[in-house]
Structures are given as C-alpha cells and as structure tokens.
Amino acid sequence: MGIANVLALIGGVALFLFGMQLMGDGLKRVAGNKLELVLWKLSGTPLKGILLGTVVTAVVQSSSATSAMVVGFVNSAMMTVAQSIPIVMGANIGTSVTGWLLCLSMLGGSNGWLSLLSTDTISAVVAFIGIIWLMFSKNETKKHIGGIMLGFAVLMYGMAAMSDAVSPLKESETFRNLLTMFDNPLLGILVGILITALLQSNSASVGILQALSVTGAVSYAAAFPMIMGMGIGASIPVLLSAVGANRNGKRTSLIYLLINVFGTLICTLLFYGANLLLHFDFMQNSTPISMIGIAFVNTLYRIAAIIVLIPFIKSLERFTDFLLRNSSDPEPEKAEEKIPVVQLEERFLENPVLALTQSKEAMRQMAVITEENLFLSFDLIGKYNAEDAQKVIDAEDAVDHYEDKLGTYLVKVTGQTLNHAETLECSLYLHTVADFERISDHSVNIQEAALELYEKNVKFSESAKDELRVLENALRKIVTITFKAFREGDLELAAHVEPLEELIDSLCQSAKLNHVARLQTQICTLQQGFVFNDLLSNFERVADHCSNIAVALVELHADSFDTHEYLSNIKNRQNAEFQQMYDEYSREFAFLDID
C-alpha cells in the first residue's frame, strides 16, 4: 500500500465524515430543528426514553451529539439524571444505523441493467438530484432534502474511496498478521477505543472497519472486540462536552462512559465464556466478516448490552452519585439560594428553537415569581409582617437575576441564524423581560409603603380603604390575565388587558381626586396622602407594564412591534367589543360611596 493509497484513504475518511455531517444537518432541518424538543418533552418512561434516543441518534447520525444534548438538558435542570439514562442507552443503539446504511455500498453489477444498481450509479443520481434541489429550489424543505441526498452521495463516495484505497491490502500477508493480533479481546478493545477517540465518531470508526472488511482479512474474532472498544472511545467527546457543567451534567456524561464500559465487560464475559464452552466455529476458524456482518454484530451487541443494563438504571444513577459525591459546584448567589433561578444552557445557543424554548420556560418561571411577589406585597398593606416583607425582597432579587441572565442569553441568541418566526419570538422576550422585572420592582415599592404605614401607624379612612381594595382586585385580575395570556400565547385573553388597563388608569385618577376632596374636608391627613398617592402610582405603573406585555404578545402574531400604532387604534377606535369589555370591568370594579 503506497503513499497514493494512504492519501486516498485519508480523503475517503474526510468525505465520509463530511457526508455524515451533511446528512445529519439536513435531516434535522427537515424535522424542523425540533428533535431536541422531542427528546426533552417526550422522555417520560425508560422504554420511551430508549426509543427516542435511538430515533434521534439515527437521524443526527451521532450518539455523541445526542448524549451531549442530554448533558445540556440535565445541566440546565430541564431533565433529571434518571430521565437521561434511557436516552443515552437509546443513543448507543441508534448509532448502529449508519453501519446498515453503509451496506448499500455493496450494491453493484457490471453488466446490462444491473449496472444501474451499482453504488456509483445510485450515488451519482442522488447527488445530481440533491445538488439541483439544493441550489435551485425555492422550497426550503426541498433544499434540506437536497442537502440530505448530497450528504448521502458524499458518504457513499467516501466509503468507496476508503474501500478502493485499502483493496491492495488483500494481498498483504503483513496486514493479515496485524489484524490477527486483534483476535486478542483486550488488544482489540484498546484499538477500538483509540480509533474512535481520534475520529470522535463511533459511526466513522465502524465505517472504516467495514471498509477494511472488503480485504477479507477482518475476522469475527478481530471485529467484535474492536466494535466494543469503539463504543467506549465514543465517550470521549461526551465527557469533553461536560467540561464546565454542574455536578448532574457531569454525572450524565459519565453515564455514557459507564454504559459502554459495563456493556463491554458484561458482553465480553458472557460471549467469551460461552465461546470457551461451545467453541463457536466463526470464532475458531478466523472466519472473514463482511460489511453486513459488521453492521449486524454492531447492532446486536448494542441491543444486548442495553437489555442487560436496563434493570440497573437506578443503580447507574446511584453509582454516578457516589463517584461524584465530592464534586464541588460553584457557590450559588445569595438570592438563588433562597429562590432557585433557572440556569440557561449555553450549549443550546447553536439550536435557536431549543434556546428560545428554554428562554420561554425561564420567563414562565420568572412570571410565576413576579405574580406571587406582587400579590404578597398587596397582603402587606394594613397587615404588615417582617417575614413576608423579606420574602418580597428575596423574590425581587431572584427576578433581577432572571432579567440579567435572560437579557444576556437572548442577546446571544440574536447572534445566531434565526428565521422570521424565531426573530419575532426573541424580540417578544427581550421586550417583556424588563416589564416582568419592573412589576417586581413595584412589589418592593408597595412593600416599602406598607412598612411606612406600619411604622408610622397610619390608618386610611374607610373610603380610601375601599378604593385600594377595588384597585388591588383589579390589579390581581389584570396581572392574572396578562401572565396567563403570555404563558399560553392566548391572543383572545391578551385582548382583555387593554380595556382593564384603561379602567385602572381611570380608577387611579378618580381615587386621587377623591383623596384631594378628603384632604380638603380633613377626613384624611397629608401624611396619609403621601403614602396613598405612592400606592396609586405603583398600581398604575403595574397596569401599564401588563399592557406592554399584552401588546408585545399581540404584535408578535401581527409580525410587527409598532406599539404606538396598535394602542392608538385601540383607543381611537373604541369599537363595540372594547367598550363592552370596559363596561363589564367597570361594573366589576367600582368604588363604593362610603364617605
């Protein structure tokens, strides 16, 4: 085997790896780039997790990529370690699909119509159609399918190049003697680990082994231990993906390694133990293994290893907990010790769909904390206690952390390649995250007003209490409607916000005028007036921020963010539907004539 053959082999490996990447990227795009979301949302039971891990890995053509995604899910607390184990198991099975795909390169025929079934002919046709669709089609789906076809063709050409490059080794006695050394299970496993660790791809390692099998020098005895070792070697990129992850993220990456190590140990003991007793013919006579044989052994080994390990899922979880029991994570910030803040996973930035979904989950949690904090601050008015007041302050600190982390993360998302819908969604979150934080700020302001009432023993008149009670109820209503509309993307519900916001503004103005009248008749004092007006200002601002959130939600689906035009249309139009809702809220939230 000369220098030209070595260079051809290297070129074949390069084409092979590039073809795998093209196919995986195209398949992900055809699937709407939502495979990761499927993994996250549908991994409920062990069996379901294994099936999902198998399917997703078969699509992305990489068990390492699937497992690295799962590490990201666990690291961001979107998935538990227990949920991740079945998916990682399924990823080990799914990676064997590529081996079967490569068996298509065995198709061939040299005479007549059979020549149309050759790998070269099929690859050429697929490549031609693929490049036409990729370059000239205006349909995005066809473009992605064209990428898949082109990736398949490149993969097949790479496989053919590797096979042609190693074909001279058929006559090499030295090469045959070298492969005979791998009949030793320990040496074969080590070689498999080394090859995969260098290539960073289990599928590529198996592909190279299949290419070598055309020489007829690769036996079952040599192939089996190398296949087992390749599984262990594929753990290297997964372990590297966990660098910088928290303790549970590291545990998940370690699980990938343990599954392959334990699978190798168990299958080695069972298989070679059975061979000692039964003396399998294909192992004793150095029977050559074909490409199909390698694909079959690879799949059978992986399925068998997972079946053996399924009963020990809980044990694997406990074992990783034991191994990393002394792992020290970065100290959480003070506010996060009291109210956990969702961690936004940097690994998801390359997948905008997943990054935005994670951001939405974080904003939903932020909204829950903000809503509860505001309502707790209402309860402090007239019923102040230090413990609940501290909860309001702690919650505000947590919401501030959410705003800081979400703002930074969303700016990074905008730096990725986004489609129109993703751009609008990202804009919605950037617009509304500040509104959530400002509402929480007003919770603290209300708490401070309640503290002043408590410390100075200020009591409002009955009419002032009634006005505050009506406004509190109206604010609870508008916040509940707004936050629910945001969480569920409910535009019909969002349309209810503006009429209620208009009413709250009107009620606040009426309350201020009423309070001036009470001051003039000395029913209320000037000291009461300062706190009363402070509360009204905060109430009014909370309603304004709810309006901002609802407007942003409506404008997202209207494909624009012309807020002023939207509000002008609502207020100037005063259509029947708006007026009807306004009248209903006016009847629900009305001041009593007490004084």
# chains A, B, ... in the order shown; residues from 1 in each chain; ligands from 1
>>> residues_around(residues="Ala543 in chain A", least_positions_apart="6", cutoff="8 Å", atoms="only C-alpha atoms", output="VMD selection string")
chain A and resid 475 478 to 479 501 504 to 505
>>> write_last_selection(atoms="C-alpha atoms", output="CSV table (one decimal), in the first residue's frame")
chain,number,residue,atom,x,y,z
A,475,LEU,CA,-54.7,44.6,39.5
A,478,ILE,CA,-55.1,42.2,35.0
A,479,VAL,CA,-51.9,40.5,36.2
A,501,GLU,CA,-55.7,48.9,32.0
A,504,ILE,CA,-57.4,51.1,36.2
A,505,ASP,CA,-56.0,54.4,35.0
>>> residues_around(residues="Asp164 in chain A", least_positions_apart="4", cutoff="12 Å", atoms="only C-alpha atoms", output="JSON, numbers by chain")
{"A": [1, 4, 5, 6, 7, 8, 9, 10, 11, 12, 13, 105, 157, 158, 159, 160, 168, 169, 170, 208, 211, 212, 213, 214, 215]}
>>> write_last_selection(atoms="N, CA and C atoms", output="PDB file, in the first residue's frame")
ATOM      1  N   MET A   1       0.860  -1.192   0.000  1.00  0.00           N
ATOM      2  CA  MET A   1       0.000   0.000   0.000  1.00  0.00           C
ATOM      3  C   MET A   1       0.893   1.236   0.000  1.00  0.00           C
ATOM      4  N   ALA A   4       0.083   6.958  -2.331  1.00  0.00           N
ATOM      5  CA  ALA A   4      -1.150   7.353  -3.023  1.00  0.00           C
ATOM      6  C   ALA A   4      -2.366   6.722  -2.371  1.00  0.00           C
ATOM      7  N   ASN A   5      -2.223   5.437  -1.970  1.00  0.00           N
ATOM      8  CA  ASN A   5      -3.337   4.750  -1.310  1.00  0.00           C
ATOM      9  C   ASN A   5      -3.634   5.353   0.062  1.00  0.00           C
ATOM     10  N   VAL A   6      -2.576   5.713   0.788  1.00  0.00           N
ATOM     11  CA  VAL A   6      -2.761   6.325   2.106  1.00  0.00           C
ATOM     12  C   VAL A   6      -3.501   7.652   1.976  1.00  0.00           C
ATOM     13  N   LEU A   7      -3.084   8.461   0.982  1.00  0.00           N
ATOM     14  CA  LEU A   7      -3.748   9.739   0.768  1.00  0.00           C
ATOM     15  C   LEU A   7      -5.200   9.545   0.338  1.00  0.00           C
ATOM     16  N   ALA A   8      -5.428   8.528  -0.498  1.00  0.00           N
ATOM     17  CA  ALA A   8      -6.796   8.227  -0.927  1.00  0.00           C
ATOM     18  C   ALA A   8      -7.650   7.811   0.263  1.00  0.00           C
ATOM     19  N   LEU A   9      -7.052   7.028   1.186  1.00  0.00           N
ATOM     20  CA  LEU A   9      -7.768   6.600   2.391  1.00  0.00           C
ATOM     21  C   LEU A   9      -8.138   7.808   3.255  1.00  0.00           C
ATOM     22  N   ILE A  10      -7.184   8.716   3.431  1.00  0.00           N
ATOM     23  CA  ILE A  10      -7.449   9.918   4.233  1.00  0.00           C
ATOM     24  C   ILE A  10      -8.551  10.758   3.583  1.00  0.00           C
ATOM     25  N   GLY A  11      -8.481  10.888   2.241  1.00  0.00           N
ATOM     26  CA  GLY A  11      -9.519  11.629   1.533  1.00  0.00           C
ATOM     27  C   GLY A  11     -10.871  10.967   1.665  1.00  0.00           C
ATOM     28  N   GLY A  12     -10.880   9.633   1.604  1.00  0.00           N
ATOM     29  CA  GLY A  12     -12.134   8.897   1.762  1.00  0.00           C
ATOM     30  C   GLY A  12     -12.737   9.105   3.138  1.00  0.00           C
ATOM     31  N   VAL A  13     -11.902   9.092   4.176  1.00  0.00           N
ATOM     32  CA  VAL A  13     -12.376   9.322   5.546  1.00  0.00           C
ATOM     33  C   VAL A  13     -12.964  10.731   5.662  1.00  0.00           C
ATOM     34  N   SER A 105     -23.362   0.275  -0.069  1.00  0.00           N
ATOM     35  CA  SER A 105     -22.219   0.374  -0.983  1.00  0.00           C
ATOM     36  C   SER A 105     -21.846  -0.974  -1.578  1.00  0.00           C
ATOM     37  N   TYR A 157     -19.497   7.969  -1.690  1.00  0.00           N
ATOM     38  CA  TYR A 157     -18.232   8.158  -2.399  1.00  0.00           C
ATOM     39  C   TYR A 157     -17.053   8.021  -1.441  1.00  0.00           C
ATOM     40  N   GLY A 158     -17.221   8.561  -0.228  1.00  0.00           N
ATOM     41  CA  GLY A 158     -16.168   8.415   0.772  1.00  0.00           C
ATOM     42  C   GLY A 158     -15.931   6.965   1.133  1.00  0.00           C
ATOM     43  N   MET A 159     -17.027   6.205   1.270  1.00  0.00           N
ATOM     44  CA  MET A 159     -16.910   4.784   1.597  1.00  0.00           C
ATOM     45  C   MET A 159     -16.222   4.031   0.460  1.00  0.00           C
ATOM     46  N   ALA A 160     -16.618   4.363  -0.776  1.00  0.00           N
ATOM     47  CA  ALA A 160     -15.996   3.709  -1.934  1.00  0.00           C
ATOM     48  C   ALA A 160     -14.512   4.054  -2.017  1.00  0.00           C
ATOM     49  N   PRO A 168      -5.640  -2.951  -2.008  1.00  0.00           N
ATOM     50  CA  PRO A 168      -4.345  -3.633  -2.217  1.00  0.00           C
ATOM     51  C   PRO A 168      -3.895  -4.462  -1.016  1.00  0.00           C
ATOM     52  N   LEU A 169      -4.450  -4.198   0.131  1.00  0.00           N
ATOM     53  CA  LEU A 169      -4.048  -4.937   1.333  1.00  0.00           C
ATOM     54  C   LEU A 169      -4.539  -6.383   1.316  1.00  0.00           C
ATOM     55  N   LYS A 170      -5.399  -6.707   0.316  1.00  0.00           N
ATOM     56  CA  LYS A 170      -5.873  -8.102   0.203  1.00  0.00           C
ATOM     57  C   LYS A 170      -4.713  -9.071   0.060  1.00  0.00           C
ATOM     58  N   ILE A 208     -14.988   2.672   8.876  1.00  0.00           N
ATOM     59  CA  ILE A 208     -13.621   2.310   8.472  1.00  0.00           C
ATOM     60  C   ILE A 208     -13.407   0.806   8.602  1.00  0.00           C
ATOM     61  N   ALA A 211     -14.963  -0.768   5.728  1.00  0.00           N
ATOM     62  CA  ALA A 211     -14.143  -0.603   4.530  1.00  0.00           C
ATOM     63  C   ALA A 211     -12.996  -1.607   4.516  1.00  0.00           C
ATOM     64  N   LEU A 212     -12.392  -1.826   5.684  1.00  0.00           N
ATOM     65  CA  LEU A 212     -11.296  -2.798   5.774  1.00  0.00           C
ATOM     66  C   LEU A 212     -11.788  -4.224   5.527  1.00  0.00           C
ATOM     67  N   SER A 213     -13.072  -4.463   5.801  1.00  0.00           N
ATOM     68  CA  SER A 213     -13.587  -5.833   5.653  1.00  0.00           C
ATOM     69  C   SER A 213     -13.593  -6.303   4.205  1.00  0.00           C
ATOM     70  N   VAL A 214     -13.528  -5.347   3.244  1.00  0.00           N
ATOM     71  CA  VAL A 214     -13.533  -5.764   1.839  1.00  0.00           C
ATOM     72  C   VAL A 214     -12.252  -6.502   1.487  1.00  0.00           C
ATOM     73  N   THR A 215     -11.213  -6.361   2.321  1.00  0.00           N
ATOM     74  CA  THR A 215      -9.959  -7.072   2.062  1.00  0.00           C
ATOM     75  C   THR A 215     -10.076  -8.555   2.392  1.00  0.00           C
TER      76      THR A 215
END
>>> residues_around(residues="Lys512 in chain A", least_positions_apart="4", cutoff="8 Å", atoms="only C-alpha atoms", output="list in words")
Cys508, Val516, Asn533 and Leu536 of chain A
>>> select_by_dssp(residues="range 369-564 of chain A", states="helix (DSSP H, G or I)", output="PDB file with C-alpha atoms, in the first residue's frame")
ATOM      1  CA  ILE A 369     -42.326  34.525  40.952  1.00  0.00           C
ATOM      2  CA  THR A 370     -43.313  38.064  39.875  1.00  0.00           C
ATOM      3  CA  GLU A 371     -47.040  37.375  40.177  1.00  0.00           C
ATOM      4  CA  GLU A 372     -46.754  35.754  43.601  1.00  0.00           C
ATOM      5  CA  ASN A 373     -44.470  38.560  44.767  1.00  0.00           C
ATOM      6  CA  LEU A 374     -46.903  41.293  43.729  1.00  0.00           C
ATOM      7  CA  PHE A 375     -49.857  39.610  45.423  1.00  0.00           C
ATOM      8  CA  LEU A 376     -47.806  39.081  48.577  1.00  0.00           C
ATOM      9  CA  SER A 377     -46.971  42.798  48.640  1.00  0.00           C
ATOM     10  CA  PHE A 378     -50.712  43.599  48.442  1.00  0.00           C
ATOM     11  CA  ASP A 379     -51.298  41.470  51.529  1.00  0.00           C
ATOM     12  CA  LEU A 380     -48.781  43.557  53.461  1.00  0.00           C
ATOM     13  CA  ALA A 386     -41.333  41.303  58.573  1.00  0.00           C
ATOM     14  CA  GLU A 387     -41.162  37.683  57.365  1.00  0.00           C
ATOM     15  CA  ASP A 388     -43.392  38.241  54.320  1.00  0.00           C
ATOM     16  CA  ALA A 389     -41.695  41.568  53.633  1.00  0.00           C
ATOM     17  CA  GLN A 390     -38.333  39.752  53.417  1.00  0.00           C
ATOM     18  CA  LYS A 391     -39.880  37.226  51.012  1.00  0.00           C
ATOM     19  CA  VAL A 392     -40.839  40.120  48.724  1.00  0.00           C
ATOM     20  CA  ILE A 393     -37.275  41.433  48.788  1.00  0.00           C
ATOM     21  CA  ASP A 394     -35.776  37.982  48.153  1.00  0.00           C
ATOM     22  CA  ALA A 395     -38.166  37.367  45.256  1.00  0.00           C
ATOM     23  CA  GLU A 396     -37.216  40.719  43.728  1.00  0.00           C
ATOM     24  CA  ASP A 397     -33.540  39.733  43.916  1.00  0.00           C
ATOM     25  CA  ALA A 398     -34.345  36.476  42.097  1.00  0.00           C
ATOM     26  CA  VAL A 399     -36.344  38.321  39.411  1.00  0.00           C
ATOM     27  CA  ASP A 400     -33.386  40.687  38.930  1.00  0.00           C
ATOM     28  CA  HIS A 401     -31.166  37.648  38.318  1.00  0.00           C
ATOM     29  CA  TYR A 402     -33.680  36.346  35.789  1.00  0.00           C
ATOM     30  CA  GLU A 403     -33.659  39.646  33.921  1.00  0.00           C
ATOM     31  CA  ASP A 404     -29.867  39.781  33.869  1.00  0.00           C
ATOM     32  CA  LYS A 405     -29.434  36.172  32.718  1.00  0.00           C
ATOM     33  CA  LEU A 406     -32.301  36.211  30.213  1.00  0.00           C
ATOM     34  CA  GLY A 407     -31.254  39.543  28.714  1.00  0.00           C
ATOM     35  CA  THR A 408     -27.672  38.361  28.215  1.00  0.00           C
ATOM     36  CA  TYR A 409     -28.770  34.980  26.884  1.00  0.00           C
ATOM     37  CA  LEU A 410     -31.345  36.392  24.449  1.00  0.00           C
ATOM     38  CA  VAL A 411     -28.795  38.827  23.027  1.00  0.00           C
ATOM     39  CA  LYS A 412     -26.555  35.816  22.338  1.00  0.00           C
ATOM     40  CA  VAL A 413     -29.495  34.073  20.652  1.00  0.00           C
ATOM     41  CA  THR A 414     -29.957  37.056  18.316  1.00  0.00           C
ATOM     42  CA  HIS A 420     -38.546  35.192  10.818  1.00  0.00           C
ATOM     43  CA  ALA A 421     -40.663  33.494  13.490  1.00  0.00           C
ATOM     44  CA  GLU A 422     -37.656  32.962  15.767  1.00  0.00           C
ATOM     45  CA  THR A 423     -36.610  36.606  15.376  1.00  0.00           C
ATOM     46  CA  LEU A 424     -40.076  37.786  16.423  1.00  0.00           C
ATOM     47  CA  GLU A 425     -40.177  35.396  19.369  1.00  0.00           C
ATOM     48  CA  CYS A 426     -36.783  36.571  20.568  1.00  0.00           C
ATOM     49  CA  SER A 427     -37.933  40.200  20.228  1.00  0.00           C
ATOM     50  CA  LEU A 428     -41.035  39.434  22.313  1.00  0.00           C
ATOM     51  CA  TYR A 429     -38.932  38.043  25.141  1.00  0.00           C
ATOM     52  CA  LEU A 430     -36.467  40.923  25.025  1.00  0.00           C
ATOM     53  CA  HIS A 431     -39.366  43.399  25.166  1.00  0.00           C
ATOM     54  CA  THR A 432     -41.228  41.714  28.001  1.00  0.00           C
ATOM     55  CA  VAL A 433     -38.448  40.566  30.331  1.00  0.00           C
ATOM     56  CA  ALA A 434     -37.953  44.159  31.518  1.00  0.00           C
ATOM     57  CA  ASP A 435     -41.694  44.532  32.145  1.00  0.00           C
ATOM     58  CA  PHE A 436     -41.727  41.484  34.402  1.00  0.00           C
ATOM     59  CA  GLU A 437     -38.761  42.867  36.320  1.00  0.00           C
ATOM     60  CA  ARG A 438     -40.365  46.313  36.700  1.00  0.00           C
ATOM     61  CA  ILE A 439     -43.568  44.763  38.061  1.00  0.00           C
ATOM     62  CA  SER A 440     -41.461  43.014  40.677  1.00  0.00           C
ATOM     63  CA  ASP A 441     -39.774  46.358  41.452  1.00  0.00           C
ATOM     64  CA  HIS A 442     -43.207  47.845  42.145  1.00  0.00           C
ATOM     65  CA  SER A 443     -43.850  44.946  44.538  1.00  0.00           C
ATOM     66  CA  VAL A 444     -40.911  46.171  46.617  1.00  0.00           C
ATOM     67  CA  ASN A 445     -42.203  49.748  46.402  1.00  0.00           C
ATOM     68  CA  ILE A 446     -45.600  48.608  47.683  1.00  0.00           C
ATOM     69  CA  GLN A 447     -43.884  46.671  50.482  1.00  0.00           C
ATOM     70  CA  GLU A 448     -41.983  49.821  51.452  1.00  0.00           C
ATOM     71  CA  ALA A 449     -45.237  51.803  51.517  1.00  0.00           C
ATOM     72  CA  ALA A 450     -46.783  49.111  53.716  1.00  0.00           C
ATOM     73  CA  LEU A 451     -43.767  49.357  56.044  1.00  0.00           C
ATOM     74  CA  GLU A 452     -44.246  53.126  56.314  1.00  0.00           C
ATOM     75  CA  LEU A 453     -47.906  52.622  57.183  1.00  0.00           C
ATOM     76  CA  TYR A 454     -46.902  50.108  59.844  1.00  0.00           C
ATOM     77  CA  GLU A 455     -44.037  52.080  61.381  1.00  0.00           C
ATOM     78  CA  GLU A 462     -62.990  53.669  55.040  1.00  0.00           C
ATOM     79  CA  SER A 463     -63.459  55.204  51.588  1.00  0.00           C
ATOM     80  CA  ALA A 464     -59.684  55.149  50.951  1.00  0.00           C
ATOM     81  CA  LYS A 465     -59.541  51.509  52.063  1.00  0.00           C
ATOM     82  CA  ASP A 466     -62.383  50.668  49.687  1.00  0.00           C
ATOM     83  CA  GLU A 467     -60.635  52.362  46.766  1.00  0.00           C
ATOM     84  CA  LEU A 468     -57.407  50.499  47.488  1.00  0.00           C
ATOM     85  CA  ARG A 469     -59.311  47.217  47.810  1.00  0.00           C
ATOM     86  CA  VAL A 470     -61.061  47.732  44.437  1.00  0.00           C
ATOM     87  CA  LEU A 471     -57.784  48.657  42.761  1.00  0.00           C
ATOM     88  CA  GLU A 472     -55.974  45.671  44.297  1.00  0.00           C
ATOM     89  CA  ASN A 473     -58.684  43.334  42.957  1.00  0.00           C
ATOM     90  CA  ALA A 474     -58.482  44.956  39.528  1.00  0.00           C
ATOM     91  CA  LEU A 475     -54.683  44.581  39.530  1.00  0.00           C
ATOM     92  CA  ARG A 476     -54.902  40.949  40.572  1.00  0.00           C
ATOM     93  CA  LYS A 477     -57.250  40.433  37.643  1.00  0.00           C
ATOM     94  CA  ILE A 478     -55.102  42.209  35.035  1.00  0.00           C
ATOM     95  CA  VAL A 479     -51.886  40.526  36.212  1.00  0.00           C
ATOM     96  CA  THR A 480     -53.537  37.092  36.202  1.00  0.00           C
ATOM     97  CA  ILE A 481     -54.957  37.648  32.694  1.00  0.00           C
ATOM     98  CA  THR A 482     -51.703  39.062  31.332  1.00  0.00           C
ATOM     99  CA  PHE A 483     -49.437  36.383  32.720  1.00  0.00           C
ATOM    100  CA  LYS A 484     -51.768  33.576  31.652  1.00  0.00           C
ATOM    101  CA  ALA A 485     -52.004  35.052  28.140  1.00  0.00           C
ATOM    102  CA  PHE A 486     -48.202  35.181  27.972  1.00  0.00           C
ATOM    103  CA  ARG A 487     -47.696  31.623  29.236  1.00  0.00           C
ATOM    104  CA  GLU A 488     -50.285  30.153  26.865  1.00  0.00           C
ATOM    105  CA  LEU A 491     -54.308  36.377  21.999  1.00  0.00           C
ATOM    106  CA  GLU A 492     -58.002  36.411  22.853  1.00  0.00           C
ATOM    107  CA  LEU A 493     -57.135  36.695  26.533  1.00  0.00           C
ATOM    108  CA  ALA A 494     -54.474  39.321  25.784  1.00  0.00           C
ATOM    109  CA  VAL A 497     -55.840  43.555  29.079  1.00  0.00           C
ATOM    110  CA  GLU A 498     -56.142  46.978  27.422  1.00  0.00           C
ATOM    111  CA  PRO A 499     -59.772  47.701  28.459  1.00  0.00           C
ATOM    112  CA  LEU A 500     -58.928  46.782  32.050  1.00  0.00           C
ATOM    113  CA  GLU A 501     -55.741  48.880  31.962  1.00  0.00           C
ATOM    114  CA  GLU A 502     -57.789  51.860  30.775  1.00  0.00           C
ATOM    115  CA  LEU A 503     -60.224  51.324  33.641  1.00  0.00           C
ATOM    116  CA  ILE A 504     -57.407  51.062  36.218  1.00  0.00           C
ATOM    117  CA  ASP A 505     -55.951  54.350  34.952  1.00  0.00           C
ATOM    118  CA  SER A 506     -59.378  55.946  35.318  1.00  0.00           C
ATOM    119  CA  LEU A 507     -59.874  54.481  38.804  1.00  0.00           C
ATOM    120  CA  CYS A 508     -56.455  55.741  39.912  1.00  0.00           C
ATOM    121  CA  GLN A 509     -57.289  59.253  38.712  1.00  0.00           C
ATOM    122  CA  SER A 510     -60.649  59.120  40.462  1.00  0.00           C
ATOM    123  CA  ALA A 511     -59.016  57.895  43.671  1.00  0.00           C
ATOM    124  CA  LYS A 512     -56.514  60.751  43.570  1.00  0.00           C
ATOM    125  CA  LEU A 513     -59.301  63.309  43.119  1.00  0.00           C
ATOM    126  CA  ASN A 514     -61.339  61.680  45.878  1.00  0.00           C
ATOM    127  CA  HIS A 515     -58.342  61.827  48.189  1.00  0.00           C
ATOM    128  CA  VAL A 516     -57.862  65.544  47.472  1.00  0.00           C
ATOM    129  CA  ALA A 517     -61.509  66.045  48.449  1.00  0.00           C
ATOM    130  CA  ARG A 518     -60.959  64.093  51.674  1.00  0.00           C
ATOM    131  CA  LEU A 519     -57.922  66.216  52.468  1.00  0.00           C
ATOM    132  CA  GLN A 520     -59.983  69.360  51.985  1.00  0.00           C
ATOM    133  CA  LEU A 526     -51.414  64.948  54.427  1.00  0.00           C
ATOM    134  CA  GLN A 527     -49.287  62.091  55.791  1.00  0.00           C
ATOM    135  CA  GLN A 528     -51.873  59.591  54.597  1.00  0.00           C
ATOM    136  CA  GLY A 529     -51.947  61.342  51.251  1.00  0.00           C
ATOM    137  CA  PHE A 530     -48.254  60.795  50.514  1.00  0.00           C
ATOM    138  CA  VAL A 531     -48.471  57.036  51.056  1.00  0.00           C
ATOM    139  CA  PHE A 532     -51.845  56.783  49.294  1.00  0.00           C
ATOM    140  CA  ASN A 533     -50.583  58.557  46.179  1.00  0.00           C
ATOM    141  CA  ASP A 534     -47.416  56.444  46.236  1.00  0.00           C
ATOM    142  CA  LEU A 535     -49.523  53.282  46.218  1.00  0.00           C
ATOM    143  CA  LEU A 536     -51.714  54.587  43.394  1.00  0.00           C
ATOM    144  CA  SER A 537     -48.657  55.431  41.279  1.00  0.00           C
ATOM    145  CA  ASN A 538     -47.302  51.915  41.709  1.00  0.00           C
ATOM    146  CA  PHE A 539     -50.708  50.388  40.902  1.00  0.00           C
ATOM    147  CA  GLU A 540     -50.942  52.459  37.750  1.00  0.00           C
ATOM    148  CA  ARG A 541     -47.426  51.506  36.622  1.00  0.00           C
ATOM    149  CA  VAL A 542     -48.091  47.795  37.185  1.00  0.00           C
ATOM    150  CA  ALA A 543     -51.126  48.036  34.881  1.00  0.00           C
ATOM    151  CA  ASP A 544     -49.001  49.867  32.283  1.00  0.00           C
ATOM    152  CA  HIS A 545     -46.429  47.050  32.273  1.00  0.00           C
ATOM    153  CA  CYS A 546     -49.210  44.492  31.876  1.00  0.00           C
ATOM    154  CA  SER A 547     -50.373  46.472  28.856  1.00  0.00           C
ATOM    155  CA  ASN A 548     -46.831  46.394  27.433  1.00  0.00           C
ATOM    156  CA  ILE A 549     -46.662  42.598  27.788  1.00  0.00           C
ATOM    157  CA  ALA A 550     -50.070  42.078  26.167  1.00  0.00           C
ATOM    158  CA  VAL A 551     -49.259  44.472  23.311  1.00  0.00           C
ATOM    159  CA  ALA A 552     -45.949  42.706  22.647  1.00  0.00           C
ATOM    160  CA  LEU A 553     -47.757  39.360  22.562  1.00  0.00           C
ATOM    161  CA  VAL A 554     -50.363  40.647  20.092  1.00  0.00           C
ATOM    162  CA  GLU A 555     -47.765  42.368  17.951  1.00  0.00           C
ATOM    163  CA  LEU A 556     -45.679  39.162  17.809  1.00  0.00           C
ATOM    164  CA  HIS A 557     -48.507  37.454  15.968  1.00  0.00           C
ATOM    165  CA  THR A 563     -46.766  49.514  19.723  1.00  0.00           C
ATOM    166  CA  HIS A 564     -47.897  53.120  19.324  1.00  0.00           C
TER     167      HIS A 564
END
>>> residues_around(residues="Met283 in chain A", least_positions_apart="5", cutoff="12 Å", atoms="only C-alpha atoms", output="PDB file with C-alpha atoms, in the first residue's frame")
ATOM      1  CA  THR A 180      -4.813 -11.407  13.579  1.00  0.00           C
ATOM      2  CA  ASP A 183      -8.159 -11.514  17.891  1.00  0.00           C
ATOM      3  CA  ASN A 184      -6.918 -10.892  21.406  1.00  0.00           C
ATOM      4  CA  PRO A 185     -10.029  -9.277  23.025  1.00  0.00           C
ATOM      5  CA  VAL A 218     -11.005  -8.871   9.092  1.00  0.00           C
ATOM      6  CA  SER A 219     -12.355 -11.803  11.080  1.00  0.00           C
ATOM      7  CA  TYR A 220     -15.261 -12.027  13.517  1.00  0.00           C
ATOM      8  CA  ALA A 221     -12.711 -12.619  16.287  1.00  0.00           C
ATOM      9  CA  ALA A 222     -10.988  -9.296  15.499  1.00  0.00           C
ATOM     10  CA  ALA A 223     -14.101  -7.247  14.671  1.00  0.00           C
ATOM     11  CA  PHE A 224     -16.133  -7.980  17.816  1.00  0.00           C
ATOM     12  CA  PRO A 225     -13.697  -6.603  20.427  1.00  0.00           C
ATOM     13  CA  PHE A 271     -19.686 -14.099  24.977  1.00  0.00           C
ATOM     14  CA  TYR A 272     -16.143 -15.348  25.505  1.00  0.00           C
ATOM     15  CA  ALA A 274     -19.857 -19.133  26.056  1.00  0.00           C
ATOM     16  CA  ASN A 275     -17.176 -19.458  23.370  1.00  0.00           C
ATOM     17  CA  LEU A 276     -14.949 -21.419  25.760  1.00  0.00           C
ATOM     18  CA  LEU A 278     -19.405 -24.055  22.915  1.00  0.00           C
ATOM     19  CA  PRO A 288     -13.834 -13.308   7.490  1.00  0.00           C
ATOM     20  CA  ILE A 289     -16.591 -10.869   8.360  1.00  0.00           C
TER      21      ILE A 289
END
>>> closest_residue(among="A:Ile313, A:Leu47, A:Met89, A:Ile193", to="Gly231 in chain A", atoms="only C-alpha atoms")
A:Ile193
>>> atom_distance(atom1="CA of Leu194 in chain A", atom2="CA of Gly53 in chain A")
25.0 Å
